>>> print(open('query-v5.cif').read())   # mmCIF, C-alpha atoms
data_structure
#
loop_
_atom_site.label_atom_id
_atom_site.label_comp_id
_atom_site.auth_asym_id
_atom_site.auth_seq_id
_atom_site.Cartn_x
_atom_site.Cartn_y
_atom_site.Cartn_z
CA MET J 90 0.00 0.00 0.00
CA ASN J 91 1.25 3.52 -0.82
CA TYR J 92 1.27 6.06 1.93
CA PRO J 93 0.47 9.42 0.34
CA ALA J 94 1.50 11.92 3.02
CA THR J 95 5.18 10.97 3.08
CA ASN J 96 5.65 9.03 -0.18
CA LEU J 97 6.26 5.87 1.85
CA ARG J 98 4.98 2.39 1.07
CA ILE J 99 3.89 -0.19 3.61
CA GLU J 100 5.20 -3.75 3.36
CA VAL J 101 3.20 -6.22 5.45
CA ALA J 102 3.60 -9.81 6.62
CA GLY J 103 1.49 -11.79 9.05
CA GLN J 104 0.94 -15.30 10.33
CA THR J 105 -0.55 -17.33 13.15
CA ASN J 106 0.55 -20.56 14.80
CA VAL J 107 -1.15 -22.88 17.28
CA GLY J 108 1.92 -23.00 19.56
CA MET J 109 3.18 -26.04 21.48
CA LYS J 110 0.52 -26.55 24.17
CA ARG J 111 -2.90 -25.79 22.68
CA ALA J 112 -5.07 -28.21 20.71
CA HIS J 113 -6.48 -25.55 18.39
CA ASN J 114 -5.88 -21.93 17.42
CA GLU J 115 -8.23 -19.30 18.86
CA ASP J 116 -6.29 -16.36 17.35
CA ASN J 117 -7.27 -14.63 14.12
CA PHE J 118 -5.66 -11.87 12.09
CA SER J 119 -6.39 -9.91 8.95
CA ILE J 120 -4.40 -7.70 6.58
CA MET J 121 -6.87 -5.49 4.69
CA GLU J 122 -4.50 -3.58 2.45
CA GLU J 123 -7.35 -2.00 0.46
CA ASN J 124 -8.46 -0.27 3.69
CA GLY J 125 -5.02 0.17 5.26
CA LEU J 126 -6.31 -1.88 8.21
CA TYR J 127 -4.35 -4.54 10.15
CA VAL J 128 -5.96 -6.61 12.91
CA VAL J 129 -4.95 -9.24 15.49
CA ALA J 130 -7.56 -10.88 17.75
CA ASP J 131 -6.96 -13.43 20.52
CA GLY J 132 -10.13 -15.33 21.42
CA MET J 133 -11.08 -16.79 24.77
CA GLY J 134 -13.87 -18.93 26.10
CA GLY J 135 -12.92 -22.55 25.47
CA HIS J 136 -14.84 -25.21 23.48
CA ALA J 137 -13.74 -23.41 20.29
CA SER J 138 -15.91 -20.38 21.18
CA GLY J 139 -12.80 -18.20 21.51
CA GLU J 140 -12.09 -19.06 17.90
CA VAL J 141 -15.65 -17.97 17.02
CA ALA J 142 -15.25 -14.66 18.89
CA SER J 143 -11.90 -13.72 17.33
CA LYS J 144 -13.14 -14.58 13.82
CA MET J 145 -16.35 -12.63 14.43
CA ALA J 146 -14.30 -9.59 15.52
CA VAL J 147 -12.12 -9.67 12.41
CA ASP J 148 -15.04 -10.33 10.04
CA SER J 149 -17.24 -7.65 11.63
CA LEU J 150 -14.50 -5.03 11.36
CA ARG J 151 -13.80 -6.00 7.74
CA ASP J 152 -17.52 -5.75 6.85
CA PHE J 153 -17.91 -2.38 8.54
CA PHE J 154 -14.86 -0.95 6.77
CA ALA J 155 -16.01 -2.32 3.42
CA THR J 156 -19.49 -0.77 3.71
CA THR J 157 -18.23 2.60 5.00
CA GLN J 158 -15.51 2.73 2.33
CA ASN J 159 -18.12 2.53 -0.43
CA ASP J 160 -20.76 4.59 1.35
CA PRO J 161 -19.28 7.28 3.67
CA GLU J 162 -22.76 8.73 4.28
CA ARG J 163 -24.02 5.43 5.68
CA THR J 164 -25.66 5.78 9.11
CA TRP J 165 -23.41 4.41 11.85
CA PRO J 166 -24.71 2.38 14.79
CA TYR J 167 -22.99 4.75 17.26
CA LYS J 168 -22.75 8.53 17.50
CA MET J 169 -19.46 10.14 16.54
CA ASP J 170 -17.23 11.49 19.29
CA ARG J 171 -16.92 15.14 18.24
CA SER J 172 -13.48 15.42 19.88
CA LYS J 173 -12.08 12.92 17.35
CA GLY J 174 -11.84 12.97 13.56
CA TYR J 175 -13.83 10.88 11.08
CA GLU J 176 -11.27 8.10 10.59
CA GLU J 177 -10.60 7.61 14.32
CA ASN J 178 -14.35 7.48 14.93
CA ARG J 179 -14.70 4.98 12.11
CA LEU J 180 -12.15 2.65 13.72
CA ILE J 181 -13.68 2.94 17.21
CA THR J 182 -17.20 2.40 15.84
CA GLY J 183 -16.11 -0.72 13.92
CA ILE J 184 -14.63 -2.21 17.10
CA LYS J 185 -17.69 -1.31 19.21
CA LEU J 186 -19.93 -2.94 16.62
CA ALA J 187 -17.77 -6.10 16.68
CA ASN J 188 -18.08 -6.12 20.48
CA LEU J 189 -21.88 -5.91 20.32
CA ARG J 190 -22.13 -8.71 17.74
CA ILE J 191 -19.99 -11.04 19.88
CA TYR J 192 -21.92 -10.17 23.04
CA GLU J 193 -25.33 -10.71 21.40
CA SER J 194 -24.22 -14.00 19.82
CA ALA J 195 -23.03 -15.24 23.23
CA GLN J 196 -26.36 -14.27 24.82
CA ARG J 197 -28.28 -16.23 22.17
CA ASP J 198 -26.21 -19.44 22.30
CA ALA J 199 -25.50 -21.14 25.65
CA LYS J 200 -22.44 -22.87 24.17
CA GLN J 201 -20.90 -19.47 23.43
CA ARG J 202 -21.71 -17.91 26.82
CA GLY J 203 -18.67 -16.14 28.20
CA MET J 204 -16.78 -16.03 24.90
CA GLY J 205 -14.71 -12.96 24.11
CA THR J 206 -11.63 -11.73 22.32
CA THR J 207 -8.91 -9.15 22.55
CA ILE J 208 -8.39 -6.94 19.53
CA VAL J 209 -5.51 -4.76 18.40
CA THR J 210 -5.66 -2.77 15.18
CA MET J 211 -3.63 -0.34 13.14
CA PHE J 212 -5.34 1.87 10.57
CA ALA J 213 -3.19 3.79 8.05
CA VAL J 214 -4.74 7.11 7.03
CA GLN J 215 -3.60 10.12 5.00
CA ASP J 216 -1.22 11.60 7.57
CA GLY J 217 -0.35 8.73 9.93
CA VAL J 218 -1.80 5.68 11.65
CA TYR J 219 -4.37 5.12 14.35
CA VAL J 220 -3.69 2.34 16.83
CA ALA J 221 -6.74 1.00 18.70
CA HIS J 222 -7.01 -1.89 21.12
CA VAL J 223 -9.03 -3.72 23.75
CA GLY J 224 -7.37 -6.41 25.91
CA ASP J 225 -3.74 -7.48 26.17
CA SER J 226 -2.78 -7.98 22.54
CA ARG J 227 -0.12 -5.40 21.73
CA VAL J 228 1.37 -3.00 19.21
CA TYR J 229 5.09 -2.24 19.31
CA ARG J 230 7.04 0.29 17.28
CA ILE J 231 10.61 -0.49 16.23
CA ARG J 232 12.49 2.68 15.31
CA GLU J 233 16.23 3.39 15.18
CA ASN J 234 17.08 0.10 16.88
CA LYS J 235 14.70 0.68 19.80
CA ILE J 236 11.44 -1.11 20.62
CA GLU J 237 8.54 0.64 22.33
CA GLN J 238 5.19 -0.82 23.41
CA LEU J 239 2.46 1.57 22.20
CA THR J 240 -0.53 -0.14 23.88
CA GLU J 241 -1.29 -0.69 27.55
CA ASP J 242 -2.50 -4.17 28.55
CA HIS J 243 -6.07 -4.29 29.87
CA SER J 244 -5.10 -7.04 32.32
CA LEU J 245 -5.28 -7.68 36.05
CA LEU J 246 -1.49 -7.95 36.18
CA ASN J 247 -1.06 -4.51 34.61
CA ASP J 248 -3.63 -3.03 37.02
CA TYR J 249 -1.61 -4.45 39.94
CA ILE J 250 1.66 -3.14 38.49
CA LYS J 251 0.14 0.35 38.24
CA MET J 252 -1.36 0.27 41.75
CA LYS J 253 1.26 -1.58 43.74
CA LYS J 254 4.47 -1.20 41.75
CA LEU J 255 5.23 -4.93 41.88
CA THR J 256 8.85 -6.12 41.89
CA PRO J 257 10.10 -8.10 38.84
CA GLU J 258 9.97 -11.26 40.99
CA GLU J 259 6.37 -10.60 42.06
CA ILE J 260 5.42 -9.94 38.42
CA GLU J 261 7.03 -13.25 37.39
CA LYS J 262 5.09 -15.18 40.08
CA PHE J 263 1.78 -13.31 39.71
CA PRO J 264 -0.93 -16.03 39.84
CA HIS J 265 -3.52 -14.43 37.53
CA LYS J 266 -1.45 -13.42 34.50
CA ASN J 267 -4.16 -14.50 32.05
CA VAL J 268 -7.00 -12.46 33.57
CA ILE J 269 -8.19 -9.78 31.12
CA VAL J 270 -10.14 -6.87 32.58
CA ARG J 271 -11.39 -5.56 29.22
CA ALA J 272 -12.24 -7.53 26.08
CA LEU J 273 -14.77 -7.67 23.26
CA GLY J 274 -17.91 -9.61 24.19
CA MET J 275 -17.78 -9.16 27.99
CA LYS J 276 -20.52 -6.49 28.03
CA ASP J 277 -22.80 -4.86 25.44
CA THR J 278 -20.55 -1.77 25.37
CA VAL J 279 -16.76 -1.42 25.45
CA LYS J 280 -14.20 1.34 25.86
CA VAL J 281 -11.64 1.42 23.02
CA ASP J 282 -8.19 2.94 23.62
CA THR J 283 -6.67 4.80 20.66
CA ARG J 284 -3.51 6.73 19.83
CA PHE J 285 -2.15 8.46 16.74
CA GLU J 286 1.30 7.78 15.29
CA GLN J 287 3.32 9.31 12.46
CA PRO J 288 5.55 6.59 11.02
CA ARG J 289 8.95 7.38 9.52
CA ALA J 290 10.90 5.56 6.83
CA ASN J 291 12.18 2.17 8.10
CA ASP J 292 9.80 2.10 11.09
CA ILE J 293 8.34 -1.34 11.76
CA TYR J 294 5.08 -1.75 13.66
CA LEU J 295 4.49 -5.15 15.27
CA LEU J 296 0.98 -6.31 16.23
CA CYS J 297 0.80 -9.51 18.29
CA SER J 298 -1.19 -11.69 20.65
CA ASP J 299 0.21 -12.49 24.09
CA GLY J 300 1.36 -15.84 22.72
CA LEU J 301 4.30 -13.83 21.35
CA SER J 302 4.75 -11.07 23.96
CA GLY J 303 4.49 -13.55 26.86
CA PRO J 304 7.30 -16.00 26.05
CA VAL J 305 9.47 -13.63 23.95
CA THR J 306 11.00 -10.59 25.65
CA ASP J 307 11.00 -7.13 24.07
CA PRO J 308 14.81 -7.22 23.56
CA GLU J 309 14.48 -10.62 21.84
CA MET J 310 11.77 -9.25 19.53
CA LEU J 311 13.94 -6.25 18.67
CA GLN J 312 16.95 -8.44 17.91
CA ILE J 313 14.92 -10.80 15.70
CA VAL J 314 13.15 -8.07 13.71
CA THR J 315 16.23 -5.90 13.15
CA GLY J 316 18.39 -8.94 12.33
CA ALA J 317 16.05 -10.49 9.74
CA PRO J 318 16.56 -9.90 5.99
CA ASP J 319 12.87 -8.94 5.54
CA ILE J 320 9.64 -8.80 7.54
CA GLN J 321 8.41 -12.19 6.29
CA ALA J 322 11.58 -13.82 7.64
CA ALA J 323 11.15 -11.78 10.84
CA SER J 324 7.58 -13.03 11.37
CA ASN J 325 8.72 -16.64 10.82
CA ARG J 326 11.55 -16.24 13.30
CA LEU J 327 9.35 -14.56 15.95
CA ILE J 328 6.95 -17.52 15.89
CA GLU J 329 9.85 -19.98 16.00
CA LYS J 330 11.27 -18.15 19.03
CA ALA J 331 7.93 -18.22 20.88
CA ASN J 332 7.76 -21.97 20.30
CA GLU J 333 11.41 -22.44 21.34
CA ASN J 334 10.53 -20.60 24.57
CA GLY J 335 7.74 -23.09 25.32
CA GLY J 336 4.95 -21.95 22.98
CA PRO J 337 2.37 -21.94 25.82
CA ASP J 338 -0.31 -20.18 23.77
CA ASN J 339 -1.41 -19.50 20.20
CA ILE J 340 0.99 -17.06 18.52
CA THR J 341 -0.02 -14.36 16.03
CA VAL J 342 2.10 -11.61 14.57
CA VAL J 343 1.56 -8.91 11.92
CA LEU J 344 4.52 -6.75 10.88
CA ALA J 345 4.19 -3.53 8.86
CA ARG J 346 7.30 -1.75 7.59
CA TRP J 347 7.34 1.75 6.12
CA VAL J 348 9.73 1.98 3.16
CA SER J 349 10.67 4.87 0.89
#
>>> encode(input="query-v5.cif", output="structure tokens")
Amino acid sequence: MNYPATNLRIEVAGQTNVGMKRAHNEDNFSIMEENGLYVVADGMGGHASGEVASKMAVDSLRDFFATTQNDPERTWPYKMDRSKGYEENRLITGIKLANLRIYESAQRDAKQRGMGTTIVTMFAVQDGVYVAHVGDSRVYRIRENKIEQLTEDHSLLNDYIKMKKLTPEEIEKFPHKNVIVRALGMKDTVKVDTRFEQPRANDIYLLCSDGLSGPVTDPEMLQIVTGAPDIQAASNRLIEKANENGGPDNITVVLARWVS
């Protein structure tokens, strides 16, 4: 995809892997280059309903972006937040709509009760990118040989870290690492966190589920991505590394590199 504001192009690679411990993959991802939209979703709920929730999130967002691309005047299911621009509102609305669809589906079907999914998205617009997320899937930016996490985990562990300033040892032994305090499908409404970024040439943005960010440290990710010949090789190596480090969960990664 060409990036008009700065004459940069975006190269993208993405893949998902079941990992070493799980019987099936509840993650989903999508690269919608025609919309400049990149999505990773990590489902939860067991009995394959996490898989249903993450797929529903990705499909719902894709459908909403397709219909609003062709028909900008289309009535949205939510009011616009006047403090934000059209494109940011569009991204937030698409995620809120996905949340409602998952929630309503779970209310209708007892087998899906309690299903949910994280979601992390990046949306390339005329003058930059919007990052939006719910849950503990992450976006990182790799720039000038440094890695920075751009999202804040909506997890019990992160809440404790903020409140109590846990030591590294307490963080390592924290008993409820997998508890998510915000996700799609938990309630009929959801708060979506967003931020705006202006990528530069050679920046790489990394979207991932916690199957990558859990077993692979930030310095390891940085070393792999900057040491790989291209982003496809980097995504392969990131998944390999997560599996080498135990592969306790499904692993999904999307890499987007800005090139001149």
>>> resolve_selection(input="query-v5.cif", expression="the PyMOL selection byres ((chain J and resi 217) around 12)", output="list in words")
Tyr92, Pro93, Ala94, Thr95, Asn96, Leu97, Ile99, Gly125, Glu176, Glu177, Met211, Phe212, Ala213, Val214, Gln215, Asp216, Val218, Tyr219, Val220, Arg284, Phe285, Glu286, Gln287, Pro288, Arg289 and Trp347 of chain J
>>> atom_distance(input="query-v5.cif", atom1="CA of Ser302 (chain J)", atom2="CA of Arg179 (chain J)")
27.9 Å
>>> atom_distance(input="query-v5.cif", atom1="CA of Ala221 (chain J)", atom2="CA of Lys254 (chain J)")
25.7 Å
>>> closest_residue(input="query-v5.cif", among="J:Glu329, J:Asp319, J:Glu258, J:Asp248", to="Ala102 (chain J)", atoms="only C-alpha atoms")
J:Asp319
>>> closest_residue(input="query-v5.cif", among="J:Ser194, J:Thr206, J:Thr105, J:Asn178", to="Ala146 (chain J)", atoms="all atoms listed in the file")
J:Thr206
>>> closest_residue(input="query-v5.cif", among="J:Arg197, J:Lys253, J:His265, J:Arg227", to="Asp299 (chain J)", atoms="all atoms listed in the file")
J:Arg227
>>> residues_around(input="query-v5.cif", residues="Pro264 (chain J)", least_positions_apart="4", cutoff="12 Å", atoms="only C-alpha atoms", output="list in words")
Leu245, Leu246, Tyr249, Glu258, Glu259, Ile260 and Val268 of chain J
>>> atom_distance(input="query-v5.cif", atom1="CA of Ile313 (chain J)", atom2="CA of Leu327 (chain J)")
6.7 Å
>>> resolve_selection(input="query-v5.cif", expression="the PyMOL selection byres ((chain J and resi 342) around 8)", output="number ranges by chain")
J: 103-105, 129, 295-298, 301, 324, 327-328, 340-341, 343-344
>>> resolve_selection(input="query-v5.cif", expression="the PyMOL selection byres ((chain J and resi 110) around 7)", output="ChimeraX atom specification")
/J:108-109,111-112,336-338
>>> residues_around(input="query-v5.cif", residues="Gly205 (chain J)", least_positions_apart="3", cutoff="12 Å", atoms="only C-alpha atoms", output="NGL selection string")
:J and (115-116 or 130-135 or 137-146 or 187-196 or 201-202 or 208 or 223-224 or 269-277 or 279)
>>> closest_residue(input="query-v5.cif", among="J:Ile250, J:Leu186, J:Leu180, J:Val228", to="Pro166 (chain J)", atoms="all atoms listed in the file")
J:Leu186
>>> residues_around(input="query-v5.cif", residues="Glu237 (chain J)", least_positions_apart="2", cutoff="12 Å", atoms="only C-alpha atoms", output="mmCIF file with C-alpha atoms, in the coordinates of the input")
data_model
loop_
_atom_site.group_PDB
_atom_site.id
_atom_site.type_symbol
_atom_site.label_atom_id
_atom_site.label_comp_id
_atom_site.auth_asym_id
_atom_site.auth_seq_id
_atom_site.Cartn_x
_atom_site.Cartn_y
_atom_site.Cartn_z
ATOM 1 C CA ARG J 227 -0.120 -5.400 21.730
ATOM 2 C CA VAL J 228 1.370 -3.000 19.210
ATOM 3 C CA TYR J 229 5.090 -2.240 19.310
ATOM 4 C CA ARG J 230 7.040 0.290 17.280
ATOM 5 C CA ILE J 231 10.610 -0.490 16.230
ATOM 6 C CA ARG J 232 12.490 2.680 15.310
ATOM 7 C CA GLU J 233 16.230 3.390 15.180
ATOM 8 C CA ASN J 234 17.080 0.100 16.880
ATOM 9 C CA LYS J 235 14.700 0.680 19.800
ATOM 10 C CA LEU J 239 2.460 1.570 22.200
ATOM 11 C CA THR J 240 -0.530 -0.140 23.880
ATOM 12 C CA GLU J 241 -1.290 -0.690 27.550
ATOM 13 C CA ASP J 292 9.800 2.100 11.090
ATOM 14 C CA ILE J 293 8.340 -1.340 11.760
ATOM 15 C CA TYR J 294 5.080 -1.750 13.660
ATOM 16 C CA LEU J 295 4.490 -5.150 15.270
ATOM 17 C CA LEU J 296 0.980 -6.310 16.230
ATOM 18 C CA THR J 306 11.000 -10.590 25.650
ATOM 19 C CA ASP J 307 11.000 -7.130 24.070
ATOM 20 C CA PRO J 308 14.810 -7.220 23.560
ATOM 21 C CA MET J 310 11.770 -9.250 19.530
ATOM 22 C CA LEU J 311 13.940 -6.250 18.670
#
>>> residues_around(input="query-v5.cif", residues="Val147 (chain J)", least_positions_apart="4", cutoff="7 Å", atoms="only C-alpha atoms", output="JSON, numbers by chain")
{"J": [118, 119, 128, 143, 151]}
>>> residues_near_point(input="query-v5.cif", point="(-13.4, -1.6, 8.4)", cutoff="9 Å", atoms="all atoms listed in the file", output="number ranges by chain")
J: 121, 124, 126, 149-158, 179-180, 183-184
>>> build_atoms(input="query-v5.cif", residues="region 306-320 of chain J", atoms="N, CA and C atoms", output="PDB file, keeping the file's coordinate frame")
ATOM      1  N   THR J 306      10.779 -11.905  25.035  1.00  0.00           N
ATOM      2  CA  THR J 306      11.000 -10.590  25.650  1.00  0.00           C
ATOM      3  C   THR J 306      11.085  -9.497  24.580  1.00  0.00           C
ATOM      4  N   ASP J 307      10.881  -8.257  25.010  1.00  0.00           N
ATOM      5  CA  ASP J 307      11.000  -7.130  24.070  1.00  0.00           C
ATOM      6  C   ASP J 307      12.388  -7.075  23.426  1.00  0.00           C
ATOM      7  N   PRO J 308      13.489  -7.226  24.202  1.00  0.00           N
ATOM      8  CA  PRO J 308      14.810  -7.220  23.560  1.00  0.00           C
ATOM      9  C   PRO J 308      14.991  -8.344  22.536  1.00  0.00           C
ATOM     10  N   GLU J 309      14.411  -9.512  22.813  1.00  0.00           N
ATOM     11  CA  GLU J 309      14.480 -10.620  21.840  1.00  0.00           C
ATOM     12  C   GLU J 309      13.730 -10.261  20.563  1.00  0.00           C
ATOM     13  N   MET J 310      12.546  -9.671  20.716  1.00  0.00           N
ATOM     14  CA  MET J 310      11.770  -9.250  19.530  1.00  0.00           C
ATOM     15  C   MET J 310      12.573  -8.257  18.694  1.00  0.00           C
ATOM     16  N   LEU J 311      13.155  -7.273  19.371  1.00  0.00           N
ATOM     17  CA  LEU J 311      13.940  -6.250  18.670  1.00  0.00           C
ATOM     18  C   LEU J 311      15.093  -6.890  17.893  1.00  0.00           C
ATOM     19  N   GLN J 312      15.796  -7.791  18.545  1.00  0.00           N
ATOM     20  CA  GLN J 312      16.950  -8.440  17.910  1.00  0.00           C
ATOM     21  C   GLN J 312      16.520  -9.248  16.689  1.00  0.00           C
ATOM     22  N   ILE J 313      15.410  -9.968  16.811  1.00  0.00           N
ATOM     23  CA  ILE J 313      14.920 -10.800  15.700  1.00  0.00           C
ATOM     24  C   ILE J 313      14.499  -9.930  14.520  1.00  0.00           C
ATOM     25  N   VAL J 314      13.695  -8.899  14.797  1.00  0.00           N
ATOM     26  CA  VAL J 314      13.150  -8.070  13.710  1.00  0.00           C
ATOM     27  C   VAL J 314      14.257  -7.288  13.003  1.00  0.00           C
ATOM     28  N   THR J 315      15.167  -6.698  13.772  1.00  0.00           N
ATOM     29  CA  THR J 315      16.230  -5.900  13.150  1.00  0.00           C
ATOM     30  C   THR J 315      17.289  -6.775  12.474  1.00  0.00           C
ATOM     31  N   GLY J 316      17.383  -8.039  12.904  1.00  0.00           N
ATOM     32  CA  GLY J 316      18.390  -8.940  12.330  1.00  0.00           C
ATOM     33  C   GLY J 316      17.913  -9.726  11.129  1.00  0.00           C
ATOM     34  N   ALA J 317      16.606  -9.680  10.843  1.00  0.00           N
ATOM     35  CA  ALA J 317      16.050 -10.490   9.740  1.00  0.00           C
ATOM     36  C   ALA J 317      16.228  -9.767   8.408  1.00  0.00           C
ATOM     37  N   PRO J 318      16.380 -10.533   7.304  1.00  0.00           N
ATOM     38  CA  PRO J 318      16.560  -9.900   5.990  1.00  0.00           C
ATOM     39  C   PRO J 318      15.316  -9.168   5.489  1.00  0.00           C
ATOM     40  N   ASP J 319      14.127  -9.602   5.924  1.00  0.00           N
ATOM     41  CA  ASP J 319      12.870  -8.940   5.540  1.00  0.00           C
ATOM     42  C   ASP J 319      11.816  -9.266   6.584  1.00  0.00           C
ATOM     43  N   ILE J 320      10.637  -8.627   6.476  1.00  0.00           N
ATOM     44  CA  ILE J 320       9.640  -8.800   7.540  1.00  0.00           C
ATOM     45  C   ILE J 320       8.980 -10.182   7.504  1.00  0.00           C
TER      46      ILE J 320
END
